[in-house]
$ cat my_file_29.cif   # mmCIF, C-alpha atoms
data_query
#
loop_
_atom_site.label_atom_id
_atom_site.label_comp_id
_atom_site.auth_asym_id
_atom_site.auth_seq_id
_atom_site.Cartn_x
_atom_site.Cartn_y
_atom_site.Cartn_z
CA LEU Z 1 82.93 39.33 125.98
CA TYR Z 2 83.33 36.67 123.25
CA VAL Z 3 80.39 35.95 120.94
CA SER Z 4 80.24 33.11 118.43
CA ALA Z 5 78.91 34.59 115.19
CA GLU Z 6 77.52 31.50 113.51
CA GLU Z 7 76.75 32.94 110.08
CA ALA Z 8 79.95 35.02 109.88
CA ASP Z 9 82.30 32.14 110.84
CA GLN Z 10 83.97 34.33 113.44
CA VAL Z 11 84.19 35.17 117.11
CA ASP Z 12 83.29 38.75 117.92
CA ILE Z 13 85.20 40.28 120.83
CA VAL Z 14 83.14 42.96 122.53
CA ASP Z 15 84.28 45.67 124.93
CA ILE Z 16 81.38 45.65 127.39
CA ALA Z 17 82.15 49.06 128.90
CA ALA Z 18 82.32 50.72 125.49
CA ARG Z 19 79.45 48.58 124.17
CA LYS Z 20 81.17 47.88 120.89
CA GLU Z 21 82.96 45.16 118.98
CA VAL Z 22 86.72 45.60 119.15
CA LYS Z 23 87.78 42.68 116.98
CA ALA Z 24 86.45 39.82 114.89
CA VAL Z 25 88.55 36.65 114.93
CA GLN Z 26 88.03 34.43 111.90
CA VAL Z 27 87.55 30.75 112.78
CA ALA Z 28 85.71 28.06 110.76
CA LYS Z 29 82.16 27.32 109.70
CA ARG Z 30 79.41 27.69 112.30
CA PRO Z 31 81.18 28.51 115.57
CA ARG Z 32 79.10 27.36 118.53
CA GLY Z 33 80.27 26.81 122.11
CA ILE Z 34 83.01 28.83 123.78
CA GLY Z 35 84.91 28.04 126.97
CA PHE Z 36 87.65 29.95 128.80
CA LEU Z 37 90.52 28.50 130.79
CA PRO Z 38 90.11 29.34 134.49
CA ASP Z 39 92.99 31.85 134.34
CA GLY Z 40 91.32 33.61 131.39
CA SER Z 41 94.35 33.21 129.13
CA ARG Z 42 92.69 31.23 126.33
CA ALA Z 43 89.27 30.69 124.81
CA TYR Z 44 88.31 27.46 123.04
CA VAL Z 45 85.68 27.71 120.28
CA ALA Z 46 83.97 24.69 118.70
CA CYS Z 47 83.05 25.08 115.02
CA GLU Z 48 80.30 22.67 114.11
CA PHE Z 49 80.37 22.43 110.30
CA ASP Z 50 84.16 22.09 110.04
CA SER Z 51 84.43 19.84 113.13
CA LYS Z 52 87.30 21.89 114.52
CA VAL Z 53 88.16 23.69 117.74
CA PHE Z 54 90.09 26.94 117.79
CA ALA Z 55 92.20 28.12 120.73
CA ILE Z 56 92.34 31.91 120.94
CA ASP Z 57 94.97 33.71 123.02
CA VAL Z 58 93.00 36.30 124.98
CA ALA Z 59 95.93 38.73 125.35
CA THR Z 60 96.74 38.87 121.63
CA GLN Z 61 93.21 38.05 120.41
CA GLU Z 62 94.73 35.68 117.84
CA VAL Z 63 94.18 32.00 117.04
CA VAL Z 64 97.03 29.95 118.50
CA ALA Z 65 95.78 26.46 117.65
CA GLU Z 66 93.38 24.73 115.28
CA ILE Z 67 92.36 21.28 116.55
CA LYS Z 68 90.47 18.59 114.63
CA ALA Z 69 87.60 17.26 116.75
CA GLY Z 70 84.73 14.86 116.08
CA VAL Z 71 81.99 15.45 113.52
CA PHE Z 72 79.76 18.45 114.31
CA SER Z 73 81.74 19.69 117.34
CA ASN Z 74 79.60 22.13 119.29
CA GLY Z 75 79.56 22.14 123.10
CA VAL Z 76 82.59 23.25 125.15
CA THR Z 77 83.33 22.65 128.83
CA VAL Z 78 86.61 23.41 130.58
CA HIS Z 79 87.97 21.33 133.47
CA PRO Z 80 88.39 23.40 136.67
CA SER Z 81 92.15 22.71 136.59
CA GLY Z 82 92.40 24.24 133.10
CA LYS Z 83 94.31 21.16 131.91
CA ARG Z 84 91.51 19.69 129.80
CA VAL Z 85 88.77 20.96 127.49
CA TYR Z 86 85.80 18.77 126.56
CA ILE Z 87 84.08 19.08 123.19
CA SER Z 88 80.77 17.39 122.37
CA ASN Z 89 80.58 16.00 118.84
CA GLY Z 90 76.97 15.82 117.69
CA LYS Z 91 77.19 13.48 114.72
CA ASP Z 92 79.84 11.18 116.20
CA ALA Z 93 78.04 10.73 119.54
CA THR Z 94 81.37 11.36 121.26
CA VAL Z 95 83.22 13.81 123.48
CA SER Z 96 86.76 14.84 122.53
CA VAL Z 97 89.19 15.52 125.37
CA ILE Z 98 91.79 18.20 124.57
CA ASP Z 99 95.00 18.57 126.57
CA THR Z 100 95.49 22.33 126.90
CA ALA Z 101 99.29 22.04 127.27
CA THR Z 102 99.62 20.52 123.78
CA ASN Z 103 96.25 21.47 122.21
CA GLN Z 104 95.89 17.85 121.07
CA VAL Z 105 92.94 15.47 121.41
CA ILE Z 106 94.06 12.86 123.94
CA ALA Z 107 90.84 10.83 124.17
CA THR Z 108 87.54 10.32 122.38
CA ILE Z 109 84.72 9.08 124.59
CA PRO Z 110 81.53 7.48 123.18
CA VAL Z 111 78.35 8.95 124.69
CA GLY Z 112 74.66 9.03 123.71
CA LYS Z 113 73.29 10.23 120.38
CA ARG Z 114 73.53 13.94 119.51
CA PRO Z 115 75.49 15.24 122.52
CA TRP Z 116 75.33 18.97 123.07
CA ASN Z 117 75.84 20.91 126.28
CA MET Z 118 77.87 19.58 129.21
CA ALA Z 119 78.57 20.40 132.84
CA ILE Z 120 81.45 19.35 135.05
CA THR Z 121 81.39 18.92 138.81
CA PRO Z 122 83.28 21.59 140.81
CA ASP Z 123 85.90 18.99 141.80
CA GLY Z 124 86.32 18.08 138.10
CA LYS Z 125 85.72 14.35 138.62
CA LYS Z 126 82.50 13.88 136.64
CA LEU Z 127 81.32 15.31 133.33
CA TYR Z 128 77.60 15.22 132.51
CA VAL Z 129 76.67 15.31 128.81
CA ALA Z 130 73.14 16.00 127.55
CA SER Z 131 72.62 13.42 124.79
CA GLY Z 132 69.55 14.73 122.99
CA ARG Z 133 68.57 11.89 120.68
CA SER Z 134 69.28 9.27 123.36
CA HIS Z 135 66.94 11.00 125.83
CA ALA Z 136 69.69 10.63 128.42
CA VAL Z 137 72.54 12.30 130.24
CA SER Z 138 75.86 10.48 129.86
CA VAL Z 139 78.14 10.47 132.91
CA ILE Z 140 81.90 10.46 132.30
CA ASP Z 141 84.68 9.80 134.81
CA THR Z 142 87.20 12.50 133.87
CA GLU Z 143 90.15 10.71 135.47
CA SER Z 144 89.81 7.58 133.31
CA ASN Z 145 88.06 9.31 130.36
CA GLN Z 146 85.42 6.56 130.41
CA LYS Z 147 81.64 6.74 130.29
CA ILE Z 148 80.24 5.39 133.54
CA LYS Z 149 76.56 5.25 132.63
CA ASP Z 150 73.61 6.92 130.93
CA ILE Z 151 70.81 8.43 133.03
CA PRO Z 152 67.44 8.35 131.23
CA VAL Z 153 65.70 11.75 131.22
CA GLY Z 154 62.91 13.46 129.26
CA GLU Z 155 62.85 13.83 125.51
CA LEU Z 156 65.63 15.70 123.71
CA PRO Z 157 67.79 17.06 126.54
CA TRP Z 158 70.11 19.76 125.17
CA GLY Z 159 71.46 21.36 128.33
CA VAL Z 160 72.70 20.31 131.73
CA LEU Z 161 73.71 22.39 134.76
CA ILE Z 162 75.15 21.32 138.10
CA HIS Z 163 73.79 23.21 141.10
#
$ encode --input "my_file_29.cif" --output "C-alpha cells"
Amino acid sequence: LYVSAEEADQVDIVDIAARKEVKAVQVAKRPRGIGFLPDGSRAYVACEFDSKVFAIDVATQEVVAEIKAGVFSNGVTVHPSGKRVYISNGKDATVSVIDTATNQVIATIPVGKRPWNMAITPDGKKLYVASGRSHAVSVIDTESNQKIKDIPVGELPWGVLIH
C-alpha cells in the first residue's frame, strides 16, 4: 500500500498484513495522486507544490525518475497499456503525458480550469478530466493527445469514474 503523506513530503509504504509502515520514500512538496503501472513495477506520484512527478521502483522502493510537470501537478492516471501516465496540472489547466519508457513528458494538453482527477476508458482511447473551475469534464483522445471537447456538468467537479 502506497500513501501520499502531504505534510511530510513523502510516500509511506505500508505492509497491509503487518499493519505497519515499512518505508518512507522522500519525494517533493505536497505529494498527491499516485498511479501504478499495470504490471505493478512502478508507481508515479504527483507532487503539487513542486510541480514534479516521481517514479518509484516498487521492487527497490527507490525513486528512479524525477519528472518536471505542469504547475500544481496532482492527479495521476495510468494508461491500460502501461506506456503512458497522465498528470493533471491544476494551475496550468493542462494534462502532461509521460512516456513510461523514457520518463519524459511527450505532450501537454490544454483542458479546462483547475483539472484534478481523471479516468481512462478500459480500451485506453479516451481520457476524461474533471475540470473543477470550468464546471466541465474535458475529453481527450489519447491516440492524438488532443482535447476533443468539454462536457458541461455541475459546479466544481473534482472526480470522474468510468463504469
$ closest_residue --input "my_file_29.cif" --among "Z:Ser96, Z:Ile34, Z:Gln26, Z:Phe49" --to "Z:Val63" --atoms "all atoms listed in the file"
Z:Gln26
$ resolve_selection --input "my_file_29.cif" --expression "the PyMOL selection byres ((chain Z and resi 116-127) around 9)" --output "ChimeraX atom specification"
/Z:33,73-81,86-90,114-115,128-132,138-143,157-162
$ residues_around --input "my_file_29.cif" --residues "stretch 6-15 of chain Z" --least-positions-apart "2" --cutoff "10 Å" --atoms "all atoms listed in the file" --output "VMD selection string"
chain Z and resid 1 to 4 17 to 32 34 45 47 to 49 56 58 61
$ atom_distance --input "my_file_29.cif" --atom1 "atom CA of Z:Val71" --atom2 "atom CA of Z:Thr108"
11.6 Å
$ atom_distance --input "my_file_29.cif" --atom1 "atom CA of Z:Lys91" --atom2 "atom CA of Z:Gly40"
29.7 Å
$ residues_near_point --input "my_file_29.cif" --point "(93.2, 16.9, 127.9)" --cutoff "7 Å" --atoms "all atoms listed in the file" --output "number ranges by chain"
Z: 83-85, 97-100, 105-106
$ atom_distance --input "my_file_29.cif" --atom1 "atom CA of Z:Val153" --atom2 "atom CA of Z:Ser134"
9.0 Å
$ resolve_selection --input "my_file_29.cif" --expression "the PyMOL selection byres ((chain Z and resi 65) around 6)" --output "PDB file with C-alpha atoms, in the frame of the given file"
ATOM      1  CA  PHE Z  54      90.090  26.940 117.790  1.00  0.00           C
ATOM      2  CA  ALA Z  55      92.200  28.120 120.730  1.00  0.00           C
ATOM      3  CA  VAL Z  63      94.180  32.000 117.040  1.00  0.00           C
ATOM      4  CA  VAL Z  64      97.030  29.950 118.500  1.00  0.00           C
ATOM      5  CA  GLU Z  66      93.380  24.730 115.280  1.00  0.00           C
TER       6      GLU Z  66
END
$ residues_around --input "my_file_29.cif" --residues "Z:Ser41" --least-positions-apart "3" --cutoff "8 Å" --atoms "all atoms listed in the file" --output "list in words"
Phe36, Leu37, Pro38, Asp57, Val58 and Ala59 of chain Z
$ residues_around --input "my_file_29.cif" --residues "Z:Thr94" --least-positions-apart "2" --cutoff "6 Å" --atoms "only C-alpha atoms" --output "list in words"
Asn89, Asp92, Ile109, Pro110 and Val111 of chain Z
$ decode --input "my_file_29.cif" --residues "stretch 21-47 of chain Z" --atoms "C-alpha atoms" --output "short mmCIF file (atom, residue, chain, number, x, y, z; two decimals), in the first residue's frame"
data_model
loop_
_atom_site.label_atom_id
_atom_site.label_comp_id
_atom_site.auth_asym_id
_atom_site.auth_seq_id
_atom_site.Cartn_x
_atom_site.Cartn_y
_atom_site.Cartn_z
CA GLU Z 21 4.83 1.32 7.61
CA VAL Z 22 7.89 -0.38 6.16
CA LYS Z 23 9.47 2.58 4.40
CA ALA Z 24 9.06 6.28 3.75
CA VAL Z 25 10.24 7.48 0.34
CA GLN Z 26 11.11 11.16 0.23
CA VAL Z 27 9.64 12.99 -2.78
CA ALA Z 28 8.79 16.71 -3.11
CA LYS Z 29 6.35 19.16 -1.59
CA ARG Z 30 2.73 18.06 -1.21
CA PRO Z 31 2.51 14.63 -2.86
CA ARG Z 32 -1.00 13.98 -4.12
CA GLY Z 33 -2.11 11.39 -6.68
CA ILE Z 34 -0.45 8.00 -7.12
CA GLY Z 35 -0.78 5.58 -10.02
CA PHE Z 36 0.78 2.16 -10.63
CA LEU Z 37 1.80 0.64 -13.94
CA PRO Z 38 -0.44 -2.34 -14.77
CA ASP Z 39 2.41 -4.79 -14.08
CA GLY Z 40 2.95 -3.21 -10.64
CA SER Z 41 6.62 -2.43 -11.32
CA ARG Z 42 6.48 1.34 -10.83
CA ALA Z 43 4.42 3.94 -9.01
CA TYR Z 44 4.07 7.52 -10.26
CA VAL Z 45 3.48 10.23 -7.63
CA ALA Z 46 2.45 13.81 -8.47
CA CYS Z 47 3.79 16.48 -6.09
#
